[in-house]
Amino acid sequence: MTDTEICDAFAGLVAAFATAAGLPCAYPGLGFTPPATGAWLELQWFPNRTQNYGLADDGPSLKQGFGQLAACYRPGKGIMVGTAITDKIIAAFGKGTKFAGMSVYEMPSTSSIIPDPERIMHPVTIRWRGFVSG
């Protein structure tokens with residue numbers, strides 16, 4: 001699998017989740033205008049270092065990285081708006097979730113809430129890895 005195929009497959013899972021949850025989603029590098037009210041999602045993509053697991057040039061390699069899907073909403077509504085969404089993200093992208101030959105290898109985790117004058121963000125980190133040949 002190429003980095004492009006892996007990213008595209010993960011974005012497809014995110015799009016299906018966003019549609020089912022009724023939330024608009026911002027994707028890296030694409031224009032997006034957040035809604036004036038209500039919640040939305042923001043996706044960030046972080047491929048990481050590939051590790052060599054074979055001695056031969058065509059031996060297996062471990063590709064790994066993470067996606068970060070943030071629940072976002074306008075300030076003034078309390079943090080439960082975001083935590084309710086992050087609970088759904090964690091459930092939807094649980095350990096063992098598969099895409100493009102990759103697998104989520106641990107339970108997704110939330111990080112600190114990021115307040116901003118325009119929005120509140122609750123990031124959820126979804127770590128993945130998988131072996132590819134060559």
# chains A, B, ... in the order shown; residues from 1 in each chain; ligands from 1
>>> residues_around(residues="A:Val81", least_positions_apart="5", cutoff="12 Å", atoms="only C-alpha atoms", output="list in words")
Gly38, Ala39, Trp40, Ala71, Cys72, Tyr73, Arg74, Pro75, Gly76, Thr86, Asp87, Lys88, Ile113, Arg119, Ile120, Met121 and His122 of chain A
>>> write_last_selection(atoms="N, CA, C and O atoms", output="short mmCIF file (atom, residue, chain, number, x, y, z; two decimals), in the first residue's frame")
data_model
loop_
_atom_site.label_atom_id
_atom_site.label_comp_id
_atom_site.auth_asym_id
_atom_site.auth_seq_id
_atom_site.Cartn_x
_atom_site.Cartn_y
_atom_site.Cartn_z
N GLY A 38 -23.69 24.53 15.96
CA GLY A 38 -23.56 23.08 15.91
C GLY A 38 -22.10 22.65 15.92
O GLY A 38 -21.19 23.46 16.02
N ALA A 39 -21.90 21.37 15.79
CA ALA A 39 -20.57 20.78 15.86
C ALA A 39 -20.10 20.34 14.48
O ALA A 39 -20.89 20.23 13.54
N TRP A 40 -18.81 20.09 14.36
CA TRP A 40 -18.20 19.57 13.14
C TRP A 40 -16.95 18.80 13.52
O TRP A 40 -16.51 18.81 14.66
N ALA A 71 -13.32 16.71 17.45
CA ALA A 71 -14.69 17.19 17.58
C ALA A 71 -14.60 18.68 17.88
O ALA A 71 -13.90 19.10 18.80
N CYS A 72 -15.29 19.49 17.09
CA CYS A 72 -15.20 20.95 17.24
C CYS A 72 -16.60 21.55 17.37
O CYS A 72 -17.56 21.03 16.81
N TYR A 73 -16.66 22.67 18.10
CA TYR A 73 -17.93 23.38 18.26
C TYR A 73 -17.62 24.79 18.77
O TYR A 73 -16.49 25.09 19.19
N ARG A 74 -18.59 25.64 18.71
CA ARG A 74 -18.43 27.03 19.15
C ARG A 74 -18.36 27.11 20.68
O ARG A 74 -19.01 26.32 21.38
N PRO A 75 -17.59 28.07 21.23
CA PRO A 75 -17.48 28.21 22.68
C PRO A 75 -18.82 28.56 23.34
O PRO A 75 -19.73 29.06 22.69
N GLY A 76 -18.89 28.25 24.64
CA GLY A 76 -20.04 28.64 25.43
C GLY A 76 -21.06 27.55 25.66
O GLY A 76 -22.10 27.80 26.26
N THR A 86 -16.47 12.67 21.03
CA THR A 86 -15.23 11.88 21.11
C THR A 86 -15.52 10.45 21.56
O THR A 86 -14.85 9.52 21.11
N ASP A 87 -16.50 10.24 22.41
CA ASP A 87 -16.89 8.88 22.78
C ASP A 87 -17.29 8.08 21.54
O ASP A 87 -16.93 6.91 21.39
N LYS A 88 -18.03 8.71 20.63
CA LYS A 88 -18.45 8.04 19.39
C LYS A 88 -17.27 7.77 18.47
O LYS A 88 -17.21 6.73 17.81
N ILE A 113 -8.23 19.38 25.74
CA ILE A 113 -9.14 20.23 24.98
C ILE A 113 -8.40 21.50 24.58
O ILE A 113 -7.64 22.07 25.38
N ARG A 119 -13.57 28.43 18.35
CA ARG A 119 -14.00 27.05 18.47
C ARG A 119 -13.35 26.37 19.66
O ARG A 119 -12.31 26.81 20.15
N ILE A 120 -13.95 25.28 20.08
CA ILE A 120 -13.36 24.39 21.07
C ILE A 120 -13.06 23.09 20.31
O ILE A 120 -13.91 22.61 19.55
N MET A 121 -11.87 22.54 20.50
CA MET A 121 -11.48 21.29 19.82
C MET A 121 -11.21 20.20 20.86
O MET A 121 -10.54 20.45 21.85
N HIS A 122 -11.70 19.00 20.58
CA HIS A 122 -11.42 17.81 21.38
C HIS A 122 -10.73 16.81 20.44
O HIS A 122 -11.42 16.03 19.76
#
>>> atom_distance(atom1="atom CA of A:Gly94", atom2="atom CA of A:Ser109")
9.9 Å
>>> residues_around(residues="A:Asp58", least_positions_apart="2", cutoff="8 Å", atoms="only C-alpha atoms", output="ChimeraX atom specification")
/A:54,56,60,133-134
>>> select_by_dssp(residues="stretch 6-131 of chain A", states="helix (DSSP H, G or I)", output="list of chain:residue names")
A:Ile6, A:Cys7, A:Asp8, A:Ala9, A:Phe10, A:Ala11, A:Gly12, A:Leu13, A:Val14, A:Ala15, A:Ala16, A:Phe17, A:Ala18, A:Thr19, A:Ala20, A:Ala21, A:Met80, A:Val81, A:Gly82, A:Thr83, A:Ala84, A:Ile85, A:Thr86, A:Asp87, A:Lys88, A:Ile89, A:Ile90, A:Ala91, A:Ala92
>>> residues_around(residues="stretch 101-104 of chain A", least_positions_apart="2", cutoff="9 Å", atoms="only C-alpha atoms", output="list of chain:residue names")
A:Met1, A:Ile6, A:Lys63, A:Gln64, A:Phe66, A:Phe93, A:Gly94, A:Lys95, A:Gly96, A:Thr97, A:Lys98, A:Phe99, A:Glu106, A:Met107, A:Pro108, A:Ile126, A:Arg127, A:Trp128, A:Arg129, A:Gly130, A:Phe131, A:Val132
>>> residues_around(residues="A:Cys25", least_positions_apart="2", cutoff="8 Å", atoms="only C-alpha atoms", output="number ranges by chain")
A: 15, 18, 23, 27, 40-43
>>> select_by_dssp(residues="stretch 6-126 of chain A", states="strand (DSSP E)", output="PyMOL selection string")
chain A and resi 25-26+39-47+51-52+60-73+98-99+102-104+109-110+114-115+120-126
>>> atom_distance(atom1="atom CA of A:Asn48", atom2="atom CA of A:Thr125")
13.5 Å
>>> atom_distance(atom1="atom CA of A:Phe32", atom2="atom CA of A:Ala91")
25.6 Å
>>> closest_residue(among="A:Ala16, A:Phe10, A:Thr37, A:Gly82", to="A:Gln68", atoms="only C-alpha atoms")
A:Phe10
>>> decode(residues="stretch 9-43 of chain A", atoms="N, CA and C atoms", output="PDB file, in the first residue's frame")
ATOM      1  N   ALA A   9      -7.985   5.666   2.160  1.00  0.00           N
ATOM      2  CA  ALA A   9      -8.857   4.691   2.822  1.00  0.00           C
ATOM      3  C   ALA A   9      -9.290   5.187   4.201  1.00  0.00           C
ATOM      4  N   PHE A  10      -8.361   5.790   4.949  1.00  0.00           N
ATOM      5  CA  PHE A  10      -8.712   6.318   6.266  1.00  0.00           C
ATOM      6  C   PHE A  10      -9.719   7.462   6.131  1.00  0.00           C
ATOM      7  N   ALA A  11      -9.477   8.347   5.168  1.00  0.00           N
ATOM      8  CA  ALA A  11     -10.418   9.455   4.942  1.00  0.00           C
ATOM      9  C   ALA A  11     -11.800   8.923   4.573  1.00  0.00           C
ATOM     10  N   GLY A  12     -11.853   7.797   3.873  1.00  0.00           N
ATOM     11  CA  GLY A  12     -13.138   7.174   3.552  1.00  0.00           C
ATOM     12  C   GLY A  12     -13.869   6.708   4.799  1.00  0.00           C
ATOM     13  N   LEU A  13     -13.121   6.123   5.754  1.00  0.00           N
ATOM     14  CA  LEU A  13     -13.735   5.724   7.028  1.00  0.00           C
ATOM     15  C   LEU A  13     -14.257   6.943   7.783  1.00  0.00           C
ATOM     16  N   VAL A  14     -13.468   8.013   7.776  1.00  0.00           N
ATOM     17  CA  VAL A  14     -13.880   9.246   8.456  1.00  0.00           C
ATOM     18  C   VAL A  14     -15.137   9.815   7.795  1.00  0.00           C
ATOM     19  N   ALA A  15     -15.167   9.812   6.454  1.00  0.00           N
ATOM     20  CA  ALA A  15     -16.341  10.337   5.745  1.00  0.00           C
ATOM     21  C   ALA A  15     -17.592   9.538   6.094  1.00  0.00           C
ATOM     22  N   ALA A  16     -17.475   8.213   6.177  1.00  0.00           N
ATOM     23  CA  ALA A  16     -18.626   7.378   6.545  1.00  0.00           C
ATOM     24  C   ALA A  16     -19.070   7.681   7.971  1.00  0.00           C
ATOM     25  N   PHE A  17     -18.117   7.845   8.883  1.00  0.00           N
ATOM     26  CA  PHE A  17     -18.451   8.185  10.270  1.00  0.00           C
ATOM     27  C   PHE A  17     -19.146   9.549  10.327  1.00  0.00           C
ATOM     28  N   ALA A  18     -18.579  10.542   9.646  1.00  0.00           N
ATOM     29  CA  ALA A  18     -19.142  11.896   9.669  1.00  0.00           C
ATOM     30  C   ALA A  18     -20.564  11.913   9.120  1.00  0.00           C
ATOM     31  N   THR A  19     -20.788  11.181   8.043  1.00  0.00           N
ATOM     32  CA  THR A  19     -22.123  11.111   7.454  1.00  0.00           C
ATOM     33  C   THR A  19     -23.112  10.469   8.422  1.00  0.00           C
ATOM     34  N   ALA A  20     -22.705   9.338   9.022  1.00  0.00           N
ATOM     35  CA  ALA A  20     -23.584   8.641   9.967  1.00  0.00           C
ATOM     36  C   ALA A  20     -23.882   9.501  11.198  1.00  0.00           C
ATOM     37  N   ALA A  21     -22.895  10.302  11.619  1.00  0.00           N
ATOM     38  CA  ALA A  21     -23.076  11.164  12.791  1.00  0.00           C
ATOM     39  C   ALA A  21     -23.771  12.478  12.439  1.00  0.00           C
ATOM     40  N   GLY A  22     -23.937  12.759  11.158  1.00  0.00           N
ATOM     41  CA  GLY A  22     -24.571  14.008  10.740  1.00  0.00           C
ATOM     42  C   GLY A  22     -23.710  15.225  10.997  1.00  0.00           C
ATOM     43  N   LEU A  23     -22.372  15.043  10.903  1.00  0.00           N
ATOM     44  CA  LEU A  23     -21.437  16.142  11.180  1.00  0.00           C
ATOM     45  C   LEU A  23     -20.625  16.479   9.934  1.00  0.00           C
ATOM     46  N   PRO A  24     -20.537  17.746   9.555  1.00  0.00           N
ATOM     47  CA  PRO A  24     -19.634  18.107   8.469  1.00  0.00           C
ATOM     48  C   PRO A  24     -18.190  17.892   8.912  1.00  0.00           C
ATOM     49  N   CYS A  25     -17.306  17.662   7.950  1.00  0.00           N
ATOM     50  CA  CYS A  25     -15.915  17.361   8.301  1.00  0.00           C
ATOM     51  C   CYS A  25     -14.952  18.134   7.407  1.00  0.00           C
ATOM     52  N   ALA A  26     -13.930  18.694   8.035  1.00  0.00           N
ATOM     53  CA  ALA A  26     -12.847  19.371   7.317  1.00  0.00           C
ATOM     54  C   ALA A  26     -11.729  18.360   7.086  1.00  0.00           C
ATOM     55  N   TYR A  27     -11.225  18.299   5.855  1.00  0.00           N
ATOM     56  CA  TYR A  27     -10.144  17.391   5.479  1.00  0.00           C
ATOM     57  C   TYR A  27      -8.894  18.199   5.139  1.00  0.00           C
ATOM     58  N   PRO A  28      -7.715  17.642   5.396  1.00  0.00           N
ATOM     59  CA  PRO A  28      -6.476  18.388   5.149  1.00  0.00           C
ATOM     60  C   PRO A  28      -6.385  18.883   3.698  1.00  0.00           C
ATOM     61  N   GLY A  29      -6.054  20.139   3.552  1.00  0.00           N
ATOM     62  CA  GLY A  29      -5.811  20.719   2.239  1.00  0.00           C
ATOM     63  C   GLY A  29      -7.045  21.080   1.442  1.00  0.00           C
ATOM     64  N   LEU A  30      -8.234  20.853   1.991  1.00  0.00           N
ATOM     65  CA  LEU A  30      -9.468  21.196   1.282  1.00  0.00           C
ATOM     66  C   LEU A  30     -10.142  22.369   1.974  1.00  0.00           C
ATOM     67  N   GLY A  31     -10.757  23.224   1.191  1.00  0.00           N
ATOM     68  CA  GLY A  31     -11.473  24.357   1.764  1.00  0.00           C
ATOM     69  C   GLY A  31     -12.641  23.886   2.619  1.00  0.00           C
ATOM     70  N   PHE A  32     -12.880  24.583   3.697  1.00  0.00           N
ATOM     71  CA  PHE A  32     -13.967  24.215   4.604  1.00  0.00           C
ATOM     72  C   PHE A  32     -14.388  25.444   5.380  1.00  0.00           C
ATOM     73  N   THR A  33     -15.688  25.661   5.477  1.00  0.00           N
ATOM     74  CA  THR A  33     -16.228  26.720   6.316  1.00  0.00           C
ATOM     75  C   THR A  33     -17.035  26.058   7.417  1.00  0.00           C
ATOM     76  N   PRO A  34     -16.580  26.186   8.675  1.00  0.00           N
ATOM     77  CA  PRO A  34     -17.326  25.567   9.770  1.00  0.00           C
ATOM     78  C   PRO A  34     -18.721  26.160   9.881  1.00  0.00           C
ATOM     79  N   PRO A  35     -19.676  25.356  10.330  1.00  0.00           N
ATOM     80  CA  PRO A  35     -21.029  25.892  10.503  1.00  0.00           C
ATOM     81  C   PRO A  35     -21.056  26.966  11.595  1.00  0.00           C
ATOM     82  N   ALA A  36     -21.958  27.896  11.470  1.00  0.00           N
ATOM     83  CA  ALA A  36     -22.080  28.977  12.458  1.00  0.00           C
ATOM     84  C   ALA A  36     -22.557  28.448  13.806  1.00  0.00           C
ATOM     85  N   THR A  37     -23.335  27.375  13.775  1.00  0.00           N
ATOM     86  CA  THR A  37     -23.806  26.738  15.010  1.00  0.00           C
ATOM     87  C   THR A  37     -23.618  25.237  14.853  1.00  0.00           C
ATOM     88  N   GLY A  38     -23.693  24.534  15.957  1.00  0.00           N
ATOM     89  CA  GLY A  38     -23.558  23.085  15.905  1.00  0.00           C
ATOM     90  C   GLY A  38     -22.099  22.647  15.919  1.00  0.00           C
ATOM     91  N   ALA A  39     -21.904  21.367  15.791  1.00  0.00           N
ATOM     92  CA  ALA A  39     -20.565  20.777  15.856  1.00  0.00           C
ATOM     93  C   ALA A  39     -20.098  20.341  14.475  1.00  0.00           C
ATOM     94  N   TRP A  40     -18.807  20.090  14.360  1.00  0.00           N
ATOM     95  CA  TRP A  40     -18.203  19.570  13.142  1.00  0.00           C
ATOM     96  C   TRP A  40     -16.945  18.799  13.517  1.00  0.00           C
ATOM     97  N   LEU A  41     -16.347  18.136  12.534  1.00  0.00           N
ATOM     98  CA  LEU A  41     -15.120  17.374  12.720  1.00  0.00           C
ATOM     99  C   LEU A  41     -13.994  17.995  11.905  1.00  0.00           C
ATOM    100  N   GLU A  42     -12.773  17.821  12.383  1.00  0.00           N
ATOM    101  CA  GLU A  42     -11.593  18.240  11.626  1.00  0.00           C
ATOM    102  C   GLU A  42     -10.584  17.102  11.654  1.00  0.00           C
ATOM    103  N   LEU A  43     -10.145  16.675  10.472  1.00  0.00           N
ATOM    104  CA  LEU A  43      -9.197  15.577  10.339  1.00  0.00           C
ATOM    105  C   LEU A  43      -7.801  16.103  10.035  1.00  0.00           C
TER     106      LEU A  43
END
